[in-house]
file model-v9.pdb (PDB, C-alpha atoms)
ATOM      1  CA  MET A  24     -72.692 -30.594  -4.480
ATOM      2  CA  ARG A  25     -73.005 -29.814  -8.161
ATOM      3  CA  VAL A  26     -69.941 -28.917 -10.236
ATOM      4  CA  SER A  27     -70.371 -26.601 -13.207
ATOM      5  CA  GLN A  28     -69.326 -27.779 -16.645
ATOM      6  CA  ALA A  29     -66.623 -25.035 -16.802
ATOM      7  CA  THR A  30     -65.121 -26.143 -13.487
ATOM      8  CA  ALA A  31     -65.198 -29.768 -14.545
ATOM      9  CA  ALA A  32     -63.459 -28.918 -17.799
ATOM     10  CA  THR A  33     -60.762 -26.955 -15.960
ATOM     11  CA  VAL A  34     -60.129 -29.880 -13.587
ATOM     12  CA  ALA A  35     -59.956 -32.281 -16.507
ATOM     13  CA  VAL A  36     -57.355 -30.129 -18.320
ATOM     14  CA  ALA A  37     -55.262 -29.814 -15.155
ATOM     15  CA  LEU A  38     -55.287 -33.587 -14.618
ATOM     16  CA  ALA A  39     -54.341 -34.145 -18.246
ATOM     17  CA  ILE A  40     -51.329 -31.842 -17.876
ATOM     18  CA  LEU A  41     -50.230 -33.540 -14.654
ATOM     19  CA  LEU A  42     -50.495 -37.002 -16.184
ATOM     20  CA  ALA A  43     -49.002 -36.137 -19.570
ATOM     21  CA  PRO A  44     -45.368 -37.113 -20.320
ATOM     22  CA  ARG A  45     -42.787 -34.425 -19.479
ATOM     23  CA  SER A  46     -41.533 -34.482 -23.067
ATOM     24  CA  PHE A  47     -44.973 -33.222 -24.144
ATOM     25  CA  VAL A  48     -45.563 -30.646 -21.392
ATOM     26  CA  ALA A  49     -42.096 -29.037 -21.169
ATOM     27  CA  PRO A  50     -42.193 -27.426 -24.614
ATOM     28  CA  LEU A  51     -45.581 -25.883 -23.814
ATOM     29  CA  PHE A  52     -44.235 -24.093 -20.732
ATOM     30  CA  GLY A  53     -40.975 -23.275 -22.458
ATOM     31  CA  ALA A  54     -42.824 -21.384 -25.146
ATOM     32  CA  LEU A  55     -44.403 -19.175 -22.478
ATOM     33  CA  ARG A  56     -41.072 -18.055 -20.996
ATOM     34  CA  GLU A  57     -39.510 -14.804 -22.177
ATOM     35  CA  PRO A  58     -36.241 -15.427 -24.038
ATOM     36  CA  ALA A  59     -33.112 -14.538 -22.050
ATOM     37  CA  PRO A  60     -31.384 -11.384 -23.322
ATOM     38  CA  ASP A  61     -28.085 -11.815 -25.123
ATOM     39  CA  PRO A  62     -25.122 -10.881 -22.904
ATOM     40  CA  LEU A  63     -23.434  -7.590 -23.798
ATOM     41  CA  PRO A  64     -19.779  -7.799 -24.806
ATOM     42  CA  VAL A  65     -17.275  -6.118 -22.490
ATOM     43  CA  SER A  66     -16.417  -3.523 -25.129
ATOM     44  CA  SER A  67     -20.055  -2.691 -25.896
ATOM     45  CA  SER A  68     -21.413   0.727 -26.753
ATOM     46  CA  SER A  69     -22.285   1.242 -23.078
ATOM     47  CA  LEU A  70     -18.632   2.159 -22.518
ATOM     48  CA  GLU A  71     -18.855   4.927 -25.094
ATOM     49  CA  ALA A  72     -20.883   7.001 -22.647
ATOM     50  CA  ALA A  73     -17.941   7.116 -20.254
ATOM     51  CA  TYR A  74     -14.915   7.296 -22.540
ATOM     52  CA  PRO A  75     -13.969   9.529 -25.470
ATOM     53  CA  PRO A  76     -15.176   8.320 -28.883
ATOM     54  CA  GLU A  77     -11.574   8.334 -30.134
ATOM     55  CA  LEU A  78     -10.926   5.385 -27.827
ATOM     56  CA  PHE A  79     -13.009   3.173 -30.108
ATOM     57  CA  THR A  80     -11.648   4.452 -33.430
ATOM     58  CA  ALA A  81      -8.071   5.546 -32.682
ATOM     59  CA  PRO A  82      -5.136   3.723 -34.318
ATOM     60  CA  ARG A  83      -3.730   0.846 -32.304
ATOM     61  CA  PRO A  84      -0.204  -0.581 -32.330
ATOM     62  CA  ALA A  85       0.432  -3.334 -34.853
ATOM     63  CA  ARG A  86       0.390  -6.828 -33.377
ATOM     64  CA  VAL A  87       2.214 -10.083 -33.943
ATOM     65  CA  ALA A  88       0.621 -13.417 -33.056
ATOM     66  CA  ALA A  89       2.768 -15.533 -30.750
ATOM     67  CA  PRO A  90       2.229 -19.197 -29.814
ATOM     68  CA  VAL A  91       2.104 -19.969 -26.077
ATOM     69  CA  PHE A  92       4.109 -22.822 -24.576
ATOM     70  CA  ALA A  93       2.342 -25.122 -22.097
ATOM     71  CA  LEU A  94       2.380 -23.841 -18.535
ATOM     72  CA  GLY A  95       3.881 -27.079 -17.312
ATOM     73  CA  ILE A  96       3.080 -29.199 -14.299
ATOM     74  CA  GLY A  97       3.230 -27.597 -10.890
ATOM     75  CA  PRO A  98       1.377 -25.365  -8.444
ATOM     76  CA  TYR A  99       0.015 -21.924  -9.255
ATOM     77  CA  ARG A 100       1.604 -20.717 -12.529
ATOM     78  CA  HIS A 101       1.098 -17.094 -13.491
ATOM     79  CA  ASP A 102       3.635 -16.401 -16.273
ATOM     80  CA  LEU A 103       3.356 -17.257 -19.968
ATOM     81  CA  LYS A 104       6.227 -18.377 -22.175
ATOM     82  CA  LEU A 105       5.965 -17.328 -25.825
ATOM     83  CA  ALA A 106       7.547 -19.137 -28.780
ATOM     84  CA  LEU A 107       8.684 -15.837 -30.336
ATOM     85  CA  GLY A 108      11.307 -13.373 -29.107
ATOM     86  CA  ALA A 109      13.634 -10.538 -30.063
ATOM     87  CA  SER A 110      14.287 -11.997 -33.513
ATOM     88  CA  SER A 111      10.588 -11.394 -34.261
ATOM     89  CA  GLY A 112      10.676  -7.821 -32.985
ATOM     90  CA  ILE A 113       9.264  -8.513 -29.516
ATOM     91  CA  ALA A 114      10.656  -6.223 -26.807
ATOM     92  CA  ALA A 115      10.431  -6.084 -23.021
ATOM     93  CA  GLY A 116       7.492  -4.015 -21.794
ATOM     94  CA  ALA A 117       5.267  -4.748 -24.796
ATOM     95  CA  SER A 118       1.563  -5.199 -24.057
ATOM     96  CA  VAL A 119       0.146  -8.693 -24.558
ATOM     97  CA  VAL A 120      -3.536  -9.127 -25.441
ATOM     98  CA  LEU A 121      -5.983 -11.783 -26.531
ATOM     99  CA  PRO A 122      -5.732 -12.554 -30.250
ATOM    100  CA  GLY A 123      -8.264 -11.079 -32.633
ATOM    101  CA  ASP A 124      -9.142  -7.858 -34.407
ATOM    102  CA  ALA A 125     -11.011  -6.031 -31.618
ATOM    103  CA  VAL A 126     -10.296  -2.290 -31.449
ATOM    104  CA  ASN A 127      -9.957  -2.552 -27.674
ATOM    105  CA  PRO A 128      -8.542  -6.041 -27.081
ATOM    106  CA  VAL A 129      -8.379  -7.758 -23.710
ATOM    107  CA  LEU A 130      -5.145  -7.142 -21.789
ATOM    108  CA  VAL A 131      -3.402 -10.329 -20.627
ATOM    109  CA  GLY A 132      -0.079  -8.926 -19.413
ATOM    110  CA  ARG A 133       3.247  -7.459 -20.565
ATOM    111  CA  VAL A 134       6.507  -8.901 -21.826
ATOM    112  CA  ARG A 135       9.024  -9.098 -18.959
ATOM    113  CA  ASP A 136      12.032 -10.947 -20.367
ATOM    114  CA  VAL A 137      13.086 -11.584 -23.956
ATOM    115  CA  SER A 138      15.613 -13.880 -25.611
ATOM    116  CA  GLY A 139      16.278 -14.361 -29.303
ATOM    117  CA  SER A 140      13.493 -16.880 -29.855
ATOM    118  CA  SER A 141      11.259 -16.695 -26.794
ATOM    119  CA  ALA A 142       9.735 -14.263 -24.307
ATOM    120  CA  THR A 143       8.232 -14.399 -20.814
ATOM    121  CA  VAL A 144       4.969 -12.583 -20.095
ATOM    122  CA  GLU A 145       4.032 -11.262 -16.671
ATOM    123  CA  THR A 146       0.243 -11.634 -16.517
ATOM    124  CA  ILE A 147      -2.382  -9.924 -14.392
ATOM    125  CA  SER A 148      -2.442 -13.129 -12.348
ATOM    126  CA  SER A 149       1.062 -12.389 -11.067
ATOM    127  CA  PRO A 150       1.162 -11.455  -7.349
ATOM    128  CA  GLU A 151       3.494  -8.570  -8.285
ATOM    129  CA  TRP A 152       1.057  -7.032 -10.758
ATOM    130  CA  LYS A 153      -0.351  -3.550 -10.012
ATOM    131  CA  SER A 154      -1.963  -1.233 -12.569
ATOM    132  CA  ALA A 155      -4.466   1.626 -12.736
ATOM    133  CA  VAL A 156      -7.944   0.831 -14.092
ATOM    134  CA  ARG A 157     -11.369   2.415 -14.358
ATOM    135  CA  ILE A 158     -14.705   0.711 -13.805
ATOM    136  CA  GLY A 159     -18.059   1.047 -15.533
ATOM    137  CA  THR A 160     -19.741   3.942 -17.270
ATOM    138  CA  SER A 161     -19.017   6.185 -14.267
ATOM    139  CA  SER A 162     -15.246   5.701 -14.750
ATOM    140  CA  VAL A 163     -14.581   4.768 -11.128
ATOM    141  CA  ASP A 164     -10.829   4.731 -10.443
ATOM    142  CA  ALA A 165      -9.327   1.594  -8.894
ATOM    143  CA  LEU A 166      -6.027  -0.235  -8.512
ATOM    144  CA  LEU A 167      -5.818  -3.719 -10.013
ATOM    145  CA  VAL A 168      -3.731  -6.016  -7.813
ATOM    146  CA  GLY A 169      -2.753  -9.319  -9.413
ATOM    147  CA  GLY A 170      -2.997 -12.799  -7.974
ATOM    148  CA  LEU A 171      -4.813 -16.091  -8.393
ATOM    149  CA  ASN A 172      -7.991 -13.991  -8.133
ATOM    150  CA  PRO A 173      -7.032 -10.484  -9.362
ATOM    151  CA  THR A 174      -8.595  -7.830  -7.135
ATOM    152  CA  LEU A 175      -9.876  -4.318  -7.798
ATOM    153  CA  THR A 176      -8.838  -2.267  -4.781
ATOM    154  CA  LEU A 177      -8.976   1.307  -3.411
ATOM    155  CA  ILE A 178     -12.576   1.795  -4.576
ATOM    156  CA  PRO A 179     -14.221   4.720  -2.745
ATOM    157  CA  ARG A 180     -17.219   3.778  -0.633
ATOM    158  CA  GLY A 181     -20.371   4.934  -2.374
ATOM    159  CA  ALA A 182     -18.807   4.780  -5.835
ATOM    160  CA  PRO A 183     -21.373   3.642  -8.428
ATOM    161  CA  LEU A 184     -20.405   0.139  -9.519
ATOM    162  CA  ALA A 185     -22.080  -3.230  -9.848
ATOM    163  CA  GLU A 186     -21.269  -6.786 -10.804
ATOM    164  CA  GLY A 187     -20.809  -7.067 -14.560
ATOM    165  CA  ASP A 188     -19.393  -3.561 -14.999
ATOM    166  CA  ALA A 189     -16.593  -3.410 -17.556
ATOM    167  CA  VAL A 190     -13.035  -2.689 -16.372
ATOM    168  CA  VAL A 191     -10.544  -0.935 -18.665
ATOM    169  CA  SER A 192      -6.845  -0.164 -18.280
ATOM    170  CA  VAL A 193      -5.848   3.482 -17.846
ATOM    171  CA  ASP A 194      -2.269   2.805 -16.753
ATOM    172  CA  ALA A 195       0.387   4.799 -18.622
ATOM    173  CA  ALA A 196       2.400   1.592 -19.146
ATOM    174  CA  PHE A 197      -0.209   0.321 -21.667
ATOM    175  CA  PRO A 198      -2.213   1.655 -24.609
ATOM    176  CA  TYR A 199      -5.166   3.558 -23.186
ATOM    177  CA  GLY A 200      -8.475   1.754 -22.785
ATOM    178  CA  LEU A 201      -7.537  -1.905 -23.163
ATOM    179  CA  VAL A 202     -10.292  -4.079 -21.727
ATOM    180  CA  VAL A 203      -9.242  -5.981 -18.603
ATOM    181  CA  GLY A 204     -12.415  -7.831 -17.609
ATOM    182  CA  THR A 205     -15.583  -7.330 -15.583
ATOM    183  CA  VAL A 206     -16.511  -6.772 -11.936
ATOM    184  CA  THR A 207     -17.706  -9.558  -9.669
ATOM    185  CA  ASP A 208     -18.091 -10.025  -5.900
ATOM    186  CA  VAL A 209     -18.215  -6.384  -4.741
ATOM    187  CA  ARG A 210     -17.469  -6.157  -1.011
ATOM    188  CA  ASP A 211     -16.113  -3.997   1.802
ATOM    189  CA  ALA A 212     -12.330  -3.892   2.110
ATOM    190  CA  ALA A 213     -10.637  -5.114   5.282
ATOM    191  CA  ASP A 214     -10.112  -1.550   6.513
ATOM    192  CA  GLY A 215     -13.868  -0.942   6.508
ATOM    193  CA  VAL A 216     -13.358   2.393   4.738
ATOM    194  CA  LEU A 217     -12.934   1.453   1.073
ATOM    195  CA  ARG A 218     -14.462  -1.220  -1.142
ATOM    196  CA  GLU A 219     -12.970  -3.879  -3.391
ATOM    197  CA  ALA A 220     -14.105  -6.437  -5.942
ATOM    198  CA  THR A 221     -12.835  -9.469  -7.812
ATOM    199  CA  LEU A 222     -11.906  -9.138 -11.483
ATOM    200  CA  SER A 223     -13.418 -11.703 -13.831
ATOM    201  CA  THR A 224     -11.526 -12.306 -17.093
ATOM    202  CA  PRO A 225     -12.939 -13.859 -20.306
ATOM    203  CA  TYR A 226     -10.141 -16.447 -20.452
ATOM    204  CA  THR A 227      -8.005 -18.797 -18.364
ATOM    205  CA  LEU A 228      -4.226 -18.848 -18.622
ATOM    206  CA  SER A 229      -4.195 -22.605 -19.143
ATOM    207  CA  GLY A 230      -6.599 -22.202 -22.054
ATOM    208  CA  LEU A 231      -4.430 -19.761 -24.018
ATOM    209  CA  ARG A 232      -2.751 -21.240 -27.092
ATOM    210  CA  ALA A 233      -1.696 -17.939 -28.681
ATOM    211  CA  VAL A 234      -1.657 -14.241 -27.838
ATOM    212  CA  ASP A 235      -1.019 -10.999 -29.701
ATOM    213  CA  VAL A 236       1.977  -8.844 -28.792
ATOM    214  CA  MET A 237       1.604  -5.116 -29.491
ATOM    215  CA  MET A 238       4.624  -3.994 -31.448
ATOM    216  CA  GLY A 239       4.444  -0.201 -31.158
ATOM    217  CA  ALA A 240       3.844   0.807 -34.797
ATOM    218  CA  ASP A 241       0.476   2.546 -35.221
ATOM    219  CA  VAL A 242      -1.910   1.120 -37.797
ATOM    220  CA  ARG A 243      -5.553   1.784 -38.636
TER     221      ARG A 243
END
call {"tool": "encode", "arguments": {"input": "model-v9.pdb", "output": "structure tokens"}}
result
Amino acid sequence: MRVSQATAATVAVALAILLAPRSFVAPLFGALREPAPDPLPVSSSSLEAAYPPELFTAPRPARVAAPVFALGIGPYRHDLKLALGASSGIAAGASVVLPGDAVNPVLVGRVRDVSGSSATVETISSPEWKSAVRIGTSSVDALLVGGLNPTLTLIPRGAPLAEGDAVVSVDAAFPYGLVVGTVTDVRDAADGVLREATLSTPYTLSGLRAVDVMMGADVR
């Protein structure tokens, strides 16, 4: 059986690729792959389709940066202890967010107890936590229930939501529209009527070294 020159050349190239070192071949295939898209931030412009534009430009309360004490050794810890208190203007009920200059910062919790030089923060990881939130660009209402894995509950069956959808706070106890996290693990609730999902946050409590406490005075 005769083999054409083109077929022979193709076989020779294939054998050369198979026998070549991986360090030589890998870059060739890597160059052929499409680059992965950059992940969208939680507070991206996609939210602007679902919420009023004022949410992204409105004045926000002034903030004070507060150092976070170590959580300490022990089982599941869900409160934060801050190294600032009433003497720095911090009051019970104040919203606590991730540090930074974002217009819609990420909600971590709220101040529960205050002394002169320290404060305790109830976080969304607390089993007692419950707050109203909305999900995605369709503004699906849900109830955030705290815990080791905070859960988005009371989601109507058939509501348009998907993993990765942004979750924002719409509870009257906090400034409107604070980012809470994103949706993951959408599933049927135990009652078989509603749906629920797990909330994914862009931080871990043990990794926090400082937070911002919203002080109540509006600034631009």
call {"tool": "atom_distance", "arguments": {"input": "model-v9.pdb", "atom1": "CA of Asn127 (chain A)", "atom2": "CA of Ser192 (chain A)"}}
result
10.2 Å
call {"tool": "closest_residue", "arguments": {"input": "model-v9.pdb", "among": "A:Met238, A:Ala233, A:Leu166, A:Ala106", "to": "Leu121 (chain A)", "atoms": "all atoms listed in the file"}}
result
A:Ala233
call {"tool": "residues_near_point", "arguments": {"input": "model-v9.pdb", "point": "(2.2, -8.9, -21.3)", "cutoff": "7 Å", "atoms": "all atoms listed in the file", "output": "ChimeraX atom specification"}}
result
/A:117-119,131-134,144-146
call {"tool": "atom_distance", "arguments": {"input": "model-v9.pdb", "atom1": "CA of Ser149 (chain A)", "atom2": "CA of Leu171 (chain A)"}}
result
7.4 Å
call {"tool": "closest_residue", "arguments": {"input": "model-v9.pdb", "among": "A:Val126, A:Leu103, A:Ala185, A:Val137", "to": "Arg232 (chain A)", "atoms": "only C-alpha atoms"}}
result
A:Leu103
call {"tool": "atom_distance", "arguments": {"input": "model-v9.pdb", "atom1": "CA of Tyr199 (chain A)", "atom2": "CA of Ile158 (chain A)"}}
result
13.7 Å
call {"tool": "resolve_selection", "arguments": {"input": "model-v9.pdb", "expression": "the PyMOL selection byres ((chain A and resi 194) around 10)", "output": "list in words"}}
result
Lys153, Ser154, Ala155, Val156, Arg157, Leu166, Val191, Ser192, Val193, Ala195, Ala196, Phe197, Pro198, Tyr199, Gly200 and Leu201 of chain A
call {"tool": "closest_residue", "arguments": {"input": "model-v9.pdb", "among": "A:Pro84, A:Gly215, A:Pro150, A:Gly187", "to": "Asp124 (chain A)", "atoms": "all atoms listed in the file"}}
result
A:Pro84
call {"tool": "residues_around", "arguments": {"input": "model-v9.pdb", "residues": "region 219-223 of chain A", "least_positions_apart": "4", "cutoff": "6 Å", "atoms": "only C-alpha atoms", "output": "PDB file with C-alpha atoms, keeping the file's coordinate frame"}}
result
ATOM      1  CA  PRO A 173      -7.032 -10.484  -9.362  1.00  0.00           C
ATOM      2  CA  THR A 174      -8.595  -7.830  -7.135  1.00  0.00           C
ATOM      3  CA  LEU A 175      -9.876  -4.318  -7.798  1.00  0.00           C
ATOM      4  CA  THR A 176      -8.838  -2.267  -4.781  1.00  0.00           C
ATOM      5  CA  ILE A 178     -12.576   1.795  -4.576  1.00  0.00           C
ATOM      6  CA  GLY A 204     -12.415  -7.831 -17.609  1.00  0.00           C
ATOM      7  CA  THR A 205     -15.583  -7.330 -15.583  1.00  0.00           C
ATOM      8  CA  VAL A 206     -16.511  -6.772 -11.936  1.00  0.00           C
ATOM      9  CA  THR A 207     -17.706  -9.558  -9.669  1.00  0.00           C
ATOM     10  CA  ASP A 208     -18.091 -10.025  -5.900  1.00  0.00           C
ATOM     11  CA  VAL A 209     -18.215  -6.384  -4.741  1.00  0.00           C
ATOM     12  CA  ARG A 210     -17.469  -6.157  -1.011  1.00  0.00           C
ATOM     13  CA  ALA A 212     -12.330  -3.892   2.110  1.00  0.00           C
TER      14      ALA A 212
END
call {"tool": "closest_residue", "arguments": {"input": "model-v9.pdb", "among": "A:Leu217, A:Val236, A:Ala109, A:Ala89", "to": "Ser138 (chain A)", "atoms": "only C-alpha atoms"}}
result
A:Ala109
